[in-house]
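With compact mmCIF, C-alpha atoms inside, this is model13.txt:
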# COMPACT_ATOMS: atom_id res chain seq x y z
CA MET R 1 17.39 -12.65 8.28
CA ILE R 2 20.35 -10.28 8.46
CA THR R 3 19.28 -6.77 9.40
CA ALA R 4 20.85 -3.33 9.46
CA ILE R 5 18.90 -2.15 12.51
CA ARG R 6 22.05 -1.31 14.48
CA GLU R 7 23.69 0.55 11.58
CA VAL R 8 20.58 2.63 10.87
CA ARG R 9 20.02 3.35 14.58
CA ARG R 10 23.61 4.52 15.02
CA ALA R 11 23.50 6.57 11.82
CA LYS R 12 20.47 8.39 13.22
CA GLY R 13 22.27 8.92 16.55
CA LEU R 14 19.65 7.06 18.61
CA THR R 15 20.12 4.86 21.67
CA LEU R 16 18.41 1.51 22.19
CA GLU R 17 16.17 3.17 24.79
CA GLU R 18 15.10 5.92 22.38
CA VAL R 19 14.19 3.42 19.65
CA ALA R 20 12.31 1.26 22.17
CA ALA R 21 10.31 4.29 23.36
CA ARG R 22 9.46 5.28 19.75
CA CYS R 23 8.00 1.85 18.94
CA VAL R 24 4.21 1.57 18.85
CA PRO R 25 3.46 0.07 21.29
CA PRO R 26 6.68 0.85 23.20
CA THR R 27 9.05 -2.02 23.91
CA THR R 28 12.25 -2.47 25.91
CA ALA R 29 15.81 -1.55 24.98
CA GLN R 30 16.74 -5.19 25.65
CA THR R 31 14.29 -6.39 22.99
CA VAL R 32 15.63 -3.91 20.42
CA GLY R 33 19.17 -5.03 21.27
CA ARG R 34 18.23 -8.69 20.75
CA LEU R 35 16.65 -7.86 17.40
CA GLU R 36 19.81 -5.99 16.37
CA MET R 37 22.11 -8.84 17.41
CA GLY R 38 19.95 -11.52 15.81
CA THR R 39 19.40 -13.38 19.10
CA ARG R 40 15.67 -12.82 18.62
CA THR R 41 13.92 -13.59 15.36
CA VAL R 42 12.98 -10.49 13.40
CA SER R 43 9.45 -11.01 12.13
CA VAL R 44 7.83 -8.76 9.53
CA GLY R 45 5.81 -7.17 12.33
CA TRP R 46 8.92 -6.33 14.33
CA LEU R 47 10.69 -5.10 11.23
CA ASN R 48 7.81 -2.71 10.50
CA ARG R 49 7.69 -1.47 14.13
CA ILE R 50 11.43 -0.80 14.27
CA ALA R 51 11.41 0.85 10.82
CA ALA R 52 8.61 3.20 11.88
CA ALA R 53 10.49 4.04 15.10
CA LEU R 54 13.62 4.85 13.08
CA GLY R 55 11.70 6.79 10.40
CA VAL R 56 12.79 4.53 7.52
CA ASN R 57 11.24 1.91 5.26
CA ALA R 58 11.34 -1.69 6.46
CA ALA R 59 13.35 -2.51 3.31
CA ASP R 60 16.09 -0.17 4.59
CA LEU R 61 16.63 -2.52 7.53
CA VAL R 62 17.18 -5.69 5.51
CA LYS R 63 20.66 -6.49 4.28
CA LEU R 64 20.63 -7.97 0.83
CA PRO R 65 23.74 -9.17 -1.01
CA GLU R 66 23.30 -6.67 -3.87
CA ARG R 67 22.50 -3.71 -1.64
CA PRO R 68 25.28 -1.11 -1.81
CA GLU R 69 26.81 0.08 1.44
CA ILE R 70 29.48 2.72 1.83
CA PRO R 71 32.05 2.18 4.60
CA VAL R 72 32.51 5.08 7.01
CA ALA R 73 36.19 6.04 6.89
CA ALA R 74 36.09 8.95 9.36
CA LEU R 75 33.87 10.87 11.76
CA LEU R 76 34.03 14.65 11.36
CA GLU R 77 33.91 16.49 14.67
CA SER R 78 34.63 20.04 15.80
CA SER R 79 38.18 18.94 16.63
CA GLY R 80 38.71 17.43 13.18
CA ALA R 81 38.34 14.07 11.43
CA GLN R 82 38.70 10.97 13.58
CA ALA R 83 38.72 7.27 12.73
CA PRO R 84 35.54 5.49 13.87
CA ARG R 85 35.95 3.26 16.93
CA ARG R 86 33.83 0.52 15.36
CA PRO R 87 33.30 -0.40 11.71
CA ALA R 88 30.27 1.40 10.31
CA SER R 89 28.63 1.93 6.97
CA VAL R 90 25.97 4.15 5.44
CA VAL R 91 23.32 3.25 2.91
CA PRO R 92 22.73 5.49 -0.12
CA PRO R 93 19.40 7.37 -0.17
CA HIS R 94 16.31 5.36 -1.02
CA ALA R 95 13.26 6.89 -2.69
CA GLU R 96 9.91 6.45 -0.95
CA PRO R 97 6.50 6.37 -2.62
CA GLY R 98 4.99 9.83 -2.97
CA MET R 99 8.30 11.65 -3.10
CA VAL R 100 9.03 14.51 -5.50
CA ALA R 101 12.30 16.32 -6.16
CA VAL R 102 13.31 19.91 -6.74
CA SER R 103 16.38 20.44 -8.95
CA VAL R 104 18.24 23.66 -8.16
CA THR R 105 19.41 25.32 -11.38
CA ALA R 106 20.69 28.57 -9.80
CA GLY R 107 21.86 29.19 -6.23
CA ILE R 108 19.31 30.71 -3.86
CA GLY R 109 19.30 30.83 -0.06
CA ASP R 110 21.20 27.83 1.33
CA TYR R 111 20.89 25.90 -1.94
CA ARG R 112 23.49 25.74 -4.72
CA ALA R 113 23.14 25.08 -8.44
CA GLY R 114 23.17 21.34 -9.01
CA ASP R 115 21.54 20.46 -5.66
CA GLU R 116 18.64 18.03 -5.55
CA ILE R 117 16.05 18.50 -2.81
CA TRP R 118 14.06 15.36 -2.10
CA CYS R 119 10.60 16.09 -0.72
CA ARG R 120 7.87 13.99 0.90
CA THR R 121 4.33 14.96 -0.15
CA LEU R 122 1.90 15.77 2.65
CA ALA R 123 -1.89 15.92 2.72
CA PRO R 124 -3.55 19.00 4.30
CA GLU R 125 -4.04 17.30 7.67
CA ALA R 126 -0.24 16.81 7.95
CA PHE R 127 0.80 20.38 7.01
CA ALA R 128 1.46 21.35 10.66
CA GLY R 129 4.30 18.82 10.80
CA ALA R 130 6.22 20.83 8.19
CA LEU R 131 6.20 24.07 10.17
CA ASN R 132 9.63 25.80 10.03
CA ARG R 133 10.74 23.49 7.21
CA ASP R 134 11.32 24.23 3.53
CA VAL R 135 8.32 23.17 1.46
CA LEU R 136 7.17 23.07 -2.16
CA VAL R 137 3.62 24.36 -2.62
CA PRO R 138 1.63 23.97 -5.87
CA ARG R 139 0.03 27.10 -7.29
CA PRO R 140 -2.54 27.51 -10.09
CA ALA R 141 -1.50 27.14 -13.74
CA GLY R 142 1.35 24.73 -13.03
CA ARG R 143 3.41 27.13 -10.93
CA PHE R 144 5.03 26.42 -7.56
CA LEU R 145 6.26 28.31 -4.53
CA PHE R 146 9.28 27.03 -2.59
CA GLY R 147 10.10 28.50 0.80
CA ARG R 148 10.03 28.15 4.59
CA LEU R 149 6.59 27.36 6.04
CA ILE R 150 6.35 29.90 8.87
CA GLY R 151 2.68 29.76 9.78
CA ARG R 152 -0.80 28.44 9.15
CA GLU R 153 -4.17 30.12 9.67
CA GLY R 154 -7.05 27.82 8.81
CA ASP R 155 -6.55 26.84 5.16
CA ARG R 156 -3.96 29.61 4.53
CA LEU R 157 -0.24 28.86 4.59
CA HIS R 158 2.38 31.56 5.21
CA LEU R 159 5.70 31.04 3.45
CA LEU R 160 8.94 32.98 3.49
CA PRO R 161 10.65 32.63 0.08
CA LEU R 162 14.39 31.87 0.07
CA GLY R 163 15.79 35.00 -1.55
CA ALA R 164 17.26 37.82 0.53
CA GLY R 165 14.71 40.53 1.25
CA ALA R 166 11.83 38.37 -0.01
CA ARG R 167 8.37 39.14 1.32
CA GLN R 168 6.07 36.65 2.98
CA GLN R 169 3.69 34.83 0.61
CA VAL R 170 0.27 33.48 1.53
CA VAL R 171 -1.21 30.47 -0.26
CA ALA R 172 -4.82 29.50 0.30
CA ASP R 173 -5.98 25.89 0.43
CA PRO R 174 -3.28 23.96 -1.48
CA PRO R 175 -4.26 20.33 -2.19
CA TRP R 176 -0.83 19.13 -0.97
CA ILE R 177 2.63 20.36 -0.07
CA ALA R 178 5.99 18.62 -0.21
CA GLU R 179 8.34 18.88 2.78
CA ALA R 180 12.09 18.92 2.07
CA ILE R 181 13.61 15.89 3.80
CA ARG R 182 16.93 15.26 2.05
CA LEU R 183 19.51 17.40 0.29
CA VAL R 184 21.69 15.67 -2.30
CA ARG R 185 24.72 17.75 -3.21
CA ALA R 186 27.68 16.86 -5.36
CA LEU R 187 30.96 18.25 -4.10

Now, as a test, write the supplied structure out as structure tokens.
Amino acid sequence: MITAIREVRRAKGLTLEEVAARCVPPTTAQTVGRLEMGTRTVSVGWLNRIAAALGVNAADLVKLPERPEIPVAALLESSGAQAPRRPASVVPPHAEPGMVAVSVTAGIGDYRAGDEIWCRTLAPEAFAGALNRDVLVPRPAGRFLFGRLIGREGDRLHLLPLGAGARQQVVADPPWIAEAIRLVRAL
């Protein structure tokens, strides 16, 4: 099986040691390196462990002939654009189950008209993980609130809407929220 473990790891800026430590249970950097190079067989179990450590779906680590990849032409740094030292590629975004999107129709805060904000839905027990992130919160009668989750007191969430001078909003006991995880912007 041909995998994209190395490409995904490098795209996320992680070392072999960091990926090995994130595995459950932890493994060694040498093992991760062997899985990347193909000198050790990548079983479904290993594929799932590495995918979880990288925060991607296992399918994102498998190279298929029809899977589109985009070659990296340059690395943008503070000193300017530089050619990559090694060939690299990126994989276009992949939707996960339970995702929802927010389409921006008028610029507000850091978002521009035409942006798409991909969000991962979270159950109440996972709300704390979205602290200081932009979230979509359902309200009664089919309305929503979108803003920065700045606090939680029991079943009450405190959000700061995106507009300048906006006042803090409090939402009690939402059944779910959706954490912004990816911004898709056309240039």

Take every atom of region 102-116 of chain R listed in the file, pad by 8 Å on each side, and give me the axis-aligned box centre and edge lengths in Å, one decimal, as JSON.
{"center_x": 18.4, "center_y": 24.4, "center_z": -5.0, "size_x": 26.2, "size_y": 28.8, "size_z": 28.7}

Open item on the list: Please list, as a PyMOL selection string, the residues that have an atom at most 6 Å away from (0.6, 22.6, -1.7) in the coordinates of this file, counting all atoms listed in the file.
Closed with: chain R and resi 137-138+174-177

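Minimum atom-to-atom distances from R:Val72, R:Leu131, R:Val100, R:Val170 to Pro87 (chain R) were compared using all atoms listed in the file, and the lowest value belongs to R:Val72.
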
Open item on the list: Just the number, please: distance in Å from CA of Phe144 (chain R) to CA of Ala178 (chain R), one decimal.
Closed with: 10.8 Å

Open item on the list: What's around Ser89 (chain R) at 10 Å? Count only C-alpha atoms, leave out sequence neighbours fewer than 5 positions away in its own chain, and write the answer as a list in words.
Closed with: Ala4, Glu7, Val8, Arg10, Ala11, Pro68, Glu69, Ile70, Pro71, Val72 and Ala73 of chain R

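Proximity to Glu36 (chain R) at 12 Å, evaluated using only C-alpha atoms and with sequence-adjacent residues fewer than 5 positions away removed, yields Met1, Ile2, Thr3, Ala4, Ile5, Arg6, Glu7, Val8, Arg9, Arg10, Leu16, Val19, Ala20, Ala29, Gln30, Thr31, Thr41, Val42, Trp46, Leu47, Ile50, Leu61 and Val62 of chain R.
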
Open item on the list: Measuring between all atoms listed in the file, which one of R:Glu17, R:Arg34, R:Cys23, R:Gly114 shows the shortest distance to Asn48 (chain R)?
Closed with: R:Cys23

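Residues lying within 12 Å of Gly154 (chain R), counting all atoms listed in the file and ignoring same-chain neighbours fewer than 4 positions away, are Pro124, Glu125, Phe127, Ala128, His158, Val170, Val171, Ala172, Asp173 and Pro174 of chain R.
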
Task: d(CA of Glu18 (chain R), CA of Gly33 (chain R)) in Å - done: 11.7 Å

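In terms of minimum interatomic distance to Leu122 (chain R), R:Met99 ranks closest within R:Leu145, R:Met99, R:Val104, R:Ala51, counting only C-alpha atoms.
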
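You will find CA of Glu153 (chain R) at 26.9 Å from CA of Arg182 (chain R).
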
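When all atoms listed in the file are used to measure the gap to Ala106 (chain R), the shortest distance among R:Gly163, R:Val56, R:Leu187, R:Ala81 belongs to R:Gly163.
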
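Minimum atom-to-atom distances from R:Gly109, R:Gly13, R:Gly129, R:Pro26 to Glu179 (chain R) were compared using all atoms listed in the file, and the lowest value belongs to R:Gly129.
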
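Taking all atoms listed in the file into account, Ala53 (chain R) lies nearest to R:Thr27 out of the set R:Gln169, R:Ser103, R:Thr27, R:Asn132.
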
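Using only C-alpha atoms, the residues found no farther than 6 Å from Trp118 (chain R), other than those of its own chain fewer than 6 positions away, are Ala101, Ala180, Ile181 and Arg182 of chain R.
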